[in-house]
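Visitor: Here you go, this is target.pdb (PDB, C-alpha atoms and all ligand atoms).
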ATOM      1  CA  MET A   1      12.172  29.601   3.319
ATOM      2  CA  THR A   2       9.001  27.546   2.936
ATOM      3  CA  VAL A   3       8.772  24.289   4.868
ATOM      4  CA  LYS A   4       7.631  21.343   2.747
ATOM      5  CA  LEU A   5       5.604  18.595   4.368
ATOM      6  CA  HIS A   6       5.412  15.311   2.474
ATOM      7  CA  CYS A   7       1.953  14.091   3.366
ATOM      8  CA  PHE A   8      -1.449  12.893   2.173
ATOM      9  CA  GLY A   9      -4.973  13.774   3.203
ATOM     10  CA  GLU A  10      -5.957  10.494   4.862
ATOM     11  CA  SER A  11      -2.902  10.486   7.155
ATOM     12  CA  GLY A  12      -3.626  11.332  10.772
ATOM     13  CA  ASN A  13       0.112  11.454  11.515
ATOM     14  CA  ALA A  14       0.575  14.002   8.742
ATOM     15  CA  TYR A  15      -2.403  15.929  10.112
ATOM     16  CA  LYS A  16      -0.636  16.294  13.481
ATOM     17  CA  ALA A  17       2.437  17.768  11.810
ATOM     18  CA  ALA A  18       0.419  19.987   9.459
ATOM     19  CA  LEU A  19      -1.790  21.340  12.235
ATOM     20  CA  THR A  20       1.243  22.089  14.399
ATOM     21  CA  LEU A  21       2.923  23.989  11.535
ATOM     22  CA  GLU A  22      -0.291  25.897  10.852
ATOM     23  CA  LEU A  23      -1.116  26.798  14.474
ATOM     24  CA  ALA A  24       2.469  27.908  15.084
ATOM     25  CA  GLY A  25       2.142  30.240  12.077
ATOM     26  CA  MET A  26       4.941  28.713  10.021
ATOM     27  CA  ASN A  27       5.245  29.199   6.300
ATOM     28  CA  TRP A  28       4.632  25.690   4.927
ATOM     29  CA  GLU A  29       3.170  23.798   2.009
ATOM     30  CA  PRO A  30       2.180  20.179   1.428
ATOM     31  CA  THR A  31       3.922  17.864  -1.045
ATOM     32  CA  PHE A  32       1.558  15.059  -1.972
ATOM     33  CA  VAL A  33       2.645  11.478  -1.263
ATOM     34  CA  ASP A  34       0.614   9.091  -3.407
ATOM     35  CA  PHE A  35       0.555   6.653  -0.503
ATOM     36  CA  PHE A  36      -2.156   4.278  -1.724
ATOM     37  CA  ALA A  37      -0.313   3.891  -5.038
ATOM     38  CA  GLY A  38       2.762   2.729  -3.096
ATOM     39  CA  ALA A  39       4.788   5.948  -3.321
ATOM     40  CA  ALA A  40       6.199   5.571   0.197
ATOM     41  CA  ARG A  41       7.746   2.239  -0.840
ATOM     42  CA  SER A  42       9.608   3.704  -3.830
ATOM     43  CA  ALA A  43      13.411   3.986  -3.986
ATOM     44  CA  GLU A  44      13.077   7.760  -4.269
ATOM     45  CA  TYR A  45      10.998   7.942  -1.089
ATOM     46  CA  HIS A  46      13.401   5.541   0.637
ATOM     47  CA  ASP A  47      16.127   8.162   0.100
ATOM     48  CA  LEU A  48      13.863  10.745   1.744
ATOM     49  CA  ASN A  49      12.813   8.523   4.670
ATOM     50  CA  VAL A  50      14.253   5.059   5.191
ATOM     51  CA  MET A  51      11.279   4.364   7.525
ATOM     52  CA  ALA A  52       8.950   4.542   4.473
ATOM     53  CA  GLU A  53       6.408   6.604   6.416
ATOM     54  CA  ALA A  54       4.633   9.931   6.076
ATOM     55  CA  PRO A  55       4.913  12.680   7.172
ATOM     56  CA  VAL A  56       8.373  13.988   6.284
ATOM     57  CA  LEU A  57       9.355  17.619   6.773
ATOM     58  CA  VAL A  58      11.962  19.270   4.556
ATOM     59  CA  HIS A  59      13.412  22.703   5.291
ATOM     60  CA  GLY A  60      16.340  23.509   3.001
ATOM     61  CA  ASP A  61      18.817  20.682   3.521
ATOM     62  CA  PHE A  62      17.179  19.619   6.794
ATOM     63  CA  THR A  63      14.916  16.555   6.618
ATOM     64  CA  LEU A  64      12.895  15.102   9.498
ATOM     65  CA  SER A  65      10.329  12.337   9.842
ATOM     66  CA  GLN A  66       8.218  11.189  12.832
ATOM     67  CA  SER A  67       5.300  13.499  13.596
ATOM     68  CA  GLY A  68       6.359  13.933  17.244
ATOM     69  CA  ALA A  69       9.874  14.980  16.259
ATOM     70  CA  ILE A  70       8.424  17.348  13.659
ATOM     71  CA  GLN A  71       6.127  18.836  16.296
ATOM     72  CA  GLN A  72       9.070  19.416  18.648
ATOM     73  CA  TRP A  73      11.072  20.964  15.792
ATOM     74  CA  VAL A  74       8.225  23.448  15.217
ATOM     75  CA  VAL A  75       8.227  24.309  18.939
ATOM     76  CA  ASP A  76      11.998  24.863  18.833
ATOM     77  CA  GLN A  77      11.736  27.027  15.703
ATOM     78  CA  THR A  78       8.841  29.205  16.862
ATOM     79  CA  GLY A  79       8.757  29.059  20.662
ATOM     80  CA  LYS A  80       5.050  28.192  20.359
ATOM     81  CA  LEU A  81       2.954  25.217  21.522
ATOM     82  CA  GLY A  82       5.637  23.805  23.816
ATOM     83  CA  GLY A  83       4.036  24.877  27.093
ATOM     84  CA  ALA A  84       5.972  26.099  30.111
ATOM     85  CA  PRO A  85       9.699  25.172  30.199
ATOM     86  CA  GLU A  86       9.217  23.119  33.369
ATOM     87  CA  ASP A  87       6.550  21.019  31.581
ATOM     88  CA  LYS A  88       8.861  19.963  28.724
ATOM     89  CA  TYR A  89       9.222  16.356  29.848
ATOM     90  CA  GLU A  90       5.535  16.036  30.720
ATOM     91  CA  VAL A  91       4.718  17.092  27.145
ATOM     92  CA  LEU A  92       7.249  14.540  25.867
ATOM     93  CA  ARG A  93       5.713  11.845  28.083
ATOM     94  CA  TRP A  94       2.244  12.373  26.568
ATOM     95  CA  LEU A  95       3.652  12.564  23.040
ATOM     96  CA  LEU A  96       5.301   9.176  23.548
ATOM     97  CA  PHE A  97       2.094   7.763  25.048
ATOM     98  CA  ASP A  98       0.206   9.023  22.014
ATOM     99  CA  ASN A  99       2.702   7.563  19.546
ATOM    100  CA  HIS A 100       2.877   4.195  21.270
ATOM    101  CA  LYS A 101      -0.597   3.550  22.647
ATOM    102  CA  MET A 102      -2.916   5.808  20.672
ATOM    103  CA  SER A 103      -1.906   6.982  17.197
ATOM    104  CA  SER A 104      -0.048   3.837  16.150
ATOM    105  CA  GLN A 105      -2.878   1.527  17.197
ATOM    106  CA  ALA A 106      -5.618   3.856  15.972
ATOM    107  CA  GLY A 107      -3.844   4.108  12.601
ATOM    108  CA  VAL A 108      -3.620   0.349  12.123
ATOM    109  CA  THR A 109      -7.209  -0.151  13.323
ATOM    110  CA  ARG A 110      -8.484   2.470  10.933
ATOM    111  CA  PHE A 111      -6.529   0.969   8.043
ATOM    112  CA  LEU A 112      -7.937  -2.508   8.707
ATOM    113  CA  MET A 113     -11.470  -1.177   9.229
ATOM    114  CA  ASN A 114     -11.732   1.265   6.353
ATOM    115  CA  PHE A 115      -9.067   0.812   3.717
ATOM    116  CA  LEU A 116      -8.854  -2.950   3.256
ATOM    117  CA  PRO A 117     -11.446  -4.492   0.938
ATOM    118  CA  GLU A 118     -14.409  -5.621   3.049
ATOM    119  CA  ASP A 119     -13.793  -9.352   2.530
ATOM    120  CA  LYS A 120     -10.170  -9.020   3.712
ATOM    121  CA  ARG A 121     -10.875  -7.233   7.008
ATOM    122  CA  PRO A 122      -9.665  -9.322   9.989
ATOM    123  CA  ILE A 123     -12.586  -8.864  12.372
ATOM    124  CA  ALA A 124     -10.915 -10.483  15.407
ATOM    125  CA  ALA A 125      -7.773  -8.348  15.034
ATOM    126  CA  ILE A 126      -9.887  -5.205  14.580
ATOM    127  CA  LYS A 127     -11.835  -5.955  17.758
ATOM    128  CA  PHE A 128      -8.627  -6.588  19.691
ATOM    129  CA  LEU A 129      -7.085  -3.323  18.485
ATOM    130  CA  GLN A 130     -10.299  -1.387  19.201
ATOM    131  CA  GLY A 131     -10.030  -2.619  22.780
ATOM    132  CA  ARG A 132      -6.444  -1.337  22.999
ATOM    133  CA  VAL A 133      -7.429   2.056  21.591
ATOM    134  CA  MET A 134     -10.380   2.316  23.994
ATOM    135  CA  ALA A 135      -8.090   1.518  26.945
ATOM    136  CA  ALA A 136      -5.724   4.302  25.862
ATOM    137  CA  LEU A 137      -8.668   6.699  25.465
ATOM    138  CA  ASN A 138      -9.839   5.810  28.961
ATOM    139  CA  THR A 139      -6.376   6.622  30.297
ATOM    140  CA  LEU A 140      -6.532   9.990  28.554
ATOM    141  CA  ASP A 141     -10.081  10.636  29.807
ATOM    142  CA  THR A 142      -9.018   9.911  33.380
ATOM    143  CA  HIS A 143      -6.062  12.257  33.027
ATOM    144  CA  LEU A 144      -8.244  15.015  31.550
ATOM    145  CA  GLU A 145     -10.760  14.980  34.402
ATOM    146  CA  GLY A 146     -10.832  18.560  35.700
ATOM    147  CA  ARG A 147      -8.305  19.730  33.121
ATOM    148  CA  THR A 148      -8.629  21.706  29.875
ATOM    149  CA  TRP A 149      -5.274  20.763  28.339
ATOM    150  CA  VAL A 150      -3.214  17.600  28.472
ATOM    151  CA  VAL A 151      -0.280  19.450  30.075
ATOM    152  CA  GLY A 152      -0.210  22.760  31.915
ATOM    153  CA  LYS A 153      -2.524  25.672  31.284
ATOM    154  CA  THR A 154      -2.262  26.104  27.514
ATOM    155  CA  MET A 155      -2.587  24.015  24.371
ATOM    156  CA  THR A 156       0.614  22.165  23.528
ATOM    157  CA  ILE A 157       1.775  19.693  20.908
ATOM    158  CA  ALA A 158       0.574  16.964  23.298
ATOM    159  CA  ASP A 159      -3.024  18.084  22.655
ATOM    160  CA  ILE A 160      -2.481  18.325  18.907
ATOM    161  CA  ALA A 161      -1.061  14.793  18.808
ATOM    162  CA  LYS A 162      -4.361  13.459  20.108
ATOM    163  CA  LEU A 163      -6.528  15.363  17.665
ATOM    164  CA  ARG A 164      -5.890  12.695  15.074
ATOM    165  CA  LEU A 165      -8.210  10.298  16.868
ATOM    166  CA  PRO A 166     -11.360  11.526  15.079
ATOM    167  CA  PHE A 167      -9.751   9.866  12.053
ATOM    168  CA  LEU A 168     -10.528   6.508  13.625
ATOM    169  CA  SER A 169     -13.961   6.234  12.061
TER
HETATM  170  N1  LIG A 201       5.297   7.250  14.333
HETATM  171  C1  LIG A 201       5.163   7.765  12.989
HETATM  172  C2  LIG A 201       4.108   6.962  12.267
HETATM  173  C3  LIG A 201       3.988   7.387  10.828
HETATM  174  C4  LIG A 201       3.091   6.438  10.054
HETATM  175  O1  LIG A 201       2.880   5.263  10.422
HETATM  176  N2  LIG A 201       2.569   6.988   8.977
HETATM  177  C5  LIG A 201       1.740   6.148   8.131
HETATM  178  C6  LIG A 201       0.790   7.024   7.343
HETATM  179  S1  LIG A 201      -0.375   7.802   8.435
HETATM  180  C7  LIG A 201       2.637   5.390   7.210
HETATM  181  O2  LIG A 201       3.387   6.008   6.489
HETATM  182  N3  LIG A 201       2.571   4.064   7.269
HETATM  183  C8  LIG A 201       3.358   3.239   6.424
HETATM  184  C9  LIG A 201       3.569   1.892   7.036
HETATM  185  O3  LIG A 201       3.238   1.689   8.210
HETATM  186  O4  LIG A 201       4.097   1.037   6.343
HETATM  187  C10 LIG A 201       4.801   9.248  13.024
HETATM  188  O5  LIG A 201       4.242   9.682  14.027
HETATM  189  O6  LIG A 201       5.111   9.969  12.070
END
Written as C-alpha cells, how would this file's structure read?
Ligand SMILES: N[C@@H](CCC(=O)N[C@@H](CS)C(=O)NCC(=O)O)C(=O)O

Guide:
Amino acid sequence: MTVKLHCFGESGNAYKAALTLELAGMNWEPTFVDFFAGAARSAEYHDLNVMAEAPVLVHGDFTLSQSGAIQQWVVDQTGKLGGAPEDKYEVLRWLLFDNHKMSSQAGVTRFLMNFLPEDKRPIAAIKFLQGRVMAALNTLDTHLEGRTWVVGKTMTIADIAKLRLPFLS
C-alpha cells in the first residue's frame, strides 16, 4: 500500500518526512497541500490534522502528523535509519532538540524573512530569532566535532531532521 504524505515544496518539516521515506526505500507519494492559499486552515484539513500543520502521513486508515513521529514510524516499519538499538534515546534526544530549538525557530525565521511582504517583516524579531538559531547551530557544531553522524556510526533520522536547515535562506 502506498504511503501518502500531505506536504508542500517549501516545507522543511515535510522535507524531513519525505527524505526519510525516500532513504528508507518506502513506497510513497506526495499529496499537495495548498498551504499559502490557507488549505491547512480548512475544515477538511482540520479533520486530517487538528494541529493544522504539514506534513501528515496517511497509510490506509493510519494517520500521523509531526515530522519526528513520522520519521520514527518509518524506522519502525523498515528497520532503517534508527541507528543501533542502544542509541534509541540518544536519537530521540537530538530529534527533540531539533524540533524545539532548530526546526521550529528556523521555520518561523524563514517565514518572517522570506514569505511576508517586505514592508511587514519584523526586523527586530527576525534578528532575535536568528540569534536563537545560531546558538542551536553552535550547539550542534560543538557536538559534531570529531564525529560524522549526530548519533552513533551511521546516518539516522537525527541527521535527516537537521538537513532542513539549508531552507533557512
Ligand atoms: N513540529 C511540527 C511542525 C510542523 C509545522 O510547523 N509545519 C509548518 C509547515 S513547514 C506548518 O504547517 N505551519 C502552520 C502553522 O504554524 O500554523 C513537525 O515537525 O511536523

Visitor: On this file, the PyMOL selection byres (((not hetatm)) within 9 of (chain A and resi 201)) gives some set of residues; write that set as a ChimeraX atom specification.

Guide: /A:7-8,10-17,35,40-41,51-56,65-70,98-100,103-104,107-108,161

Visitor: Once the PyMOL selection byres (((chain A and resi 82) around 10) and not hetatm) has been applied to the shown file, what residues remain in the selection, as a list of chain:residue names?

Guide: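 Given this file, the PyMOL selection byres (((chain A and resi 82) around 10) and not hetatm) evaluates to A:Gln71, A:Gln72, A:Val74, A:Val75, A:Asp76, A:Thr78, A:Gly79, A:Lys80, A:Leu81, A:Gly83, A:Ala84, A:Pro85, A:Asp87, A:Lys88, A:Val91, A:Leu92, A:Val151, A:Thr154, A:Met155, A:Thr156, A:Ile157, A:Ala158.
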
Visitor: When you draw a straight line from atom CA of A:Phe32 to atom CA of A:Leu57, how long is it in Å?

Guide: 12.0 Å

Visitor: With the file shown as input, list the residues that the PyMOL selection byres (((chain A and resi 138-144) around 12) and not hetatm) selects, as a list in words.

Guide: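 With the PyMOL selection byres (((chain A and resi 138-144) around 12) and not hetatm) on this model, the match is Trp94, Leu95, Phe97, Asp98, Lys101, Met102, Gly131, Arg132, Val133, Met134, Ala135, Ala136, Leu137, Glu145, Gly146, Arg147, Thr148, Trp149, Val150, Val151, Gly152, Ala158, Asp159, Lys162 and Leu165 of chain A.
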
Visitor: Between atom CA of A:Met26 and atom CA of A:Val3, what is the distance in Å, rounded to a tenth?

Guide: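 Separation of atom CA of A:Met26 and atom CA of A:Val3: 7.8 Å.
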
Visitor: Could you state the separation of atom CA of A:Thr20 and atom CA of A:Phe62 in Å, given to one decimal place?

Guide: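 Taking atom CA of A:Thr20 and atom CA of A:Phe62, their separation equals 17.8 Å.
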
Visitor: Just checking: using all atoms listed in the file, which residue out of A:Glu118, A:Tyr89, A:Gly25, A:Leu5 ends up closest to A:Gly60?

Guide: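 Ranking A:Glu118, A:Tyr89, A:Gly25, A:Leu5 by distance to A:Gly60, first place goes to A:Leu5.
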
Visitor: Of the candidates A:Leu19, A:Leu116, A:His6, A:Asp47, which one gets nearest to A:Asp34 if we count all atoms listed in the file?

Guide: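 The closest residue to A:Asp34 is A:His6.
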
Visitor: Nearest residue to A:Phe128 out of A:Trp73, A:Thr109, A:Leu64, A:Ser42, using all atoms listed in the file?

Guide: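 Closest candidate: A:Thr109.
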
Visitor: Edge lengths and centre, in Å to one decimal, as JSON: that's what I need for the box along x, y and z that holds all listed atoms of stretch 54-61 of chain A plus 8 Å on each side.

Guide:
{"center_x": 11.7, "center_y": 16.7, "center_z": 5.1, "size_x": 30.2, "size_y": 29.6, "size_z": 20.2}

Visitor: Around the point (6.2, 28.1, 4.1), in the coordinates given by the file, pick out the residues reaching within 9 Å, counting all atoms listed in the file, and return them as a PyMOL selection string.

Guide: chain A and resi 1-4+26-29
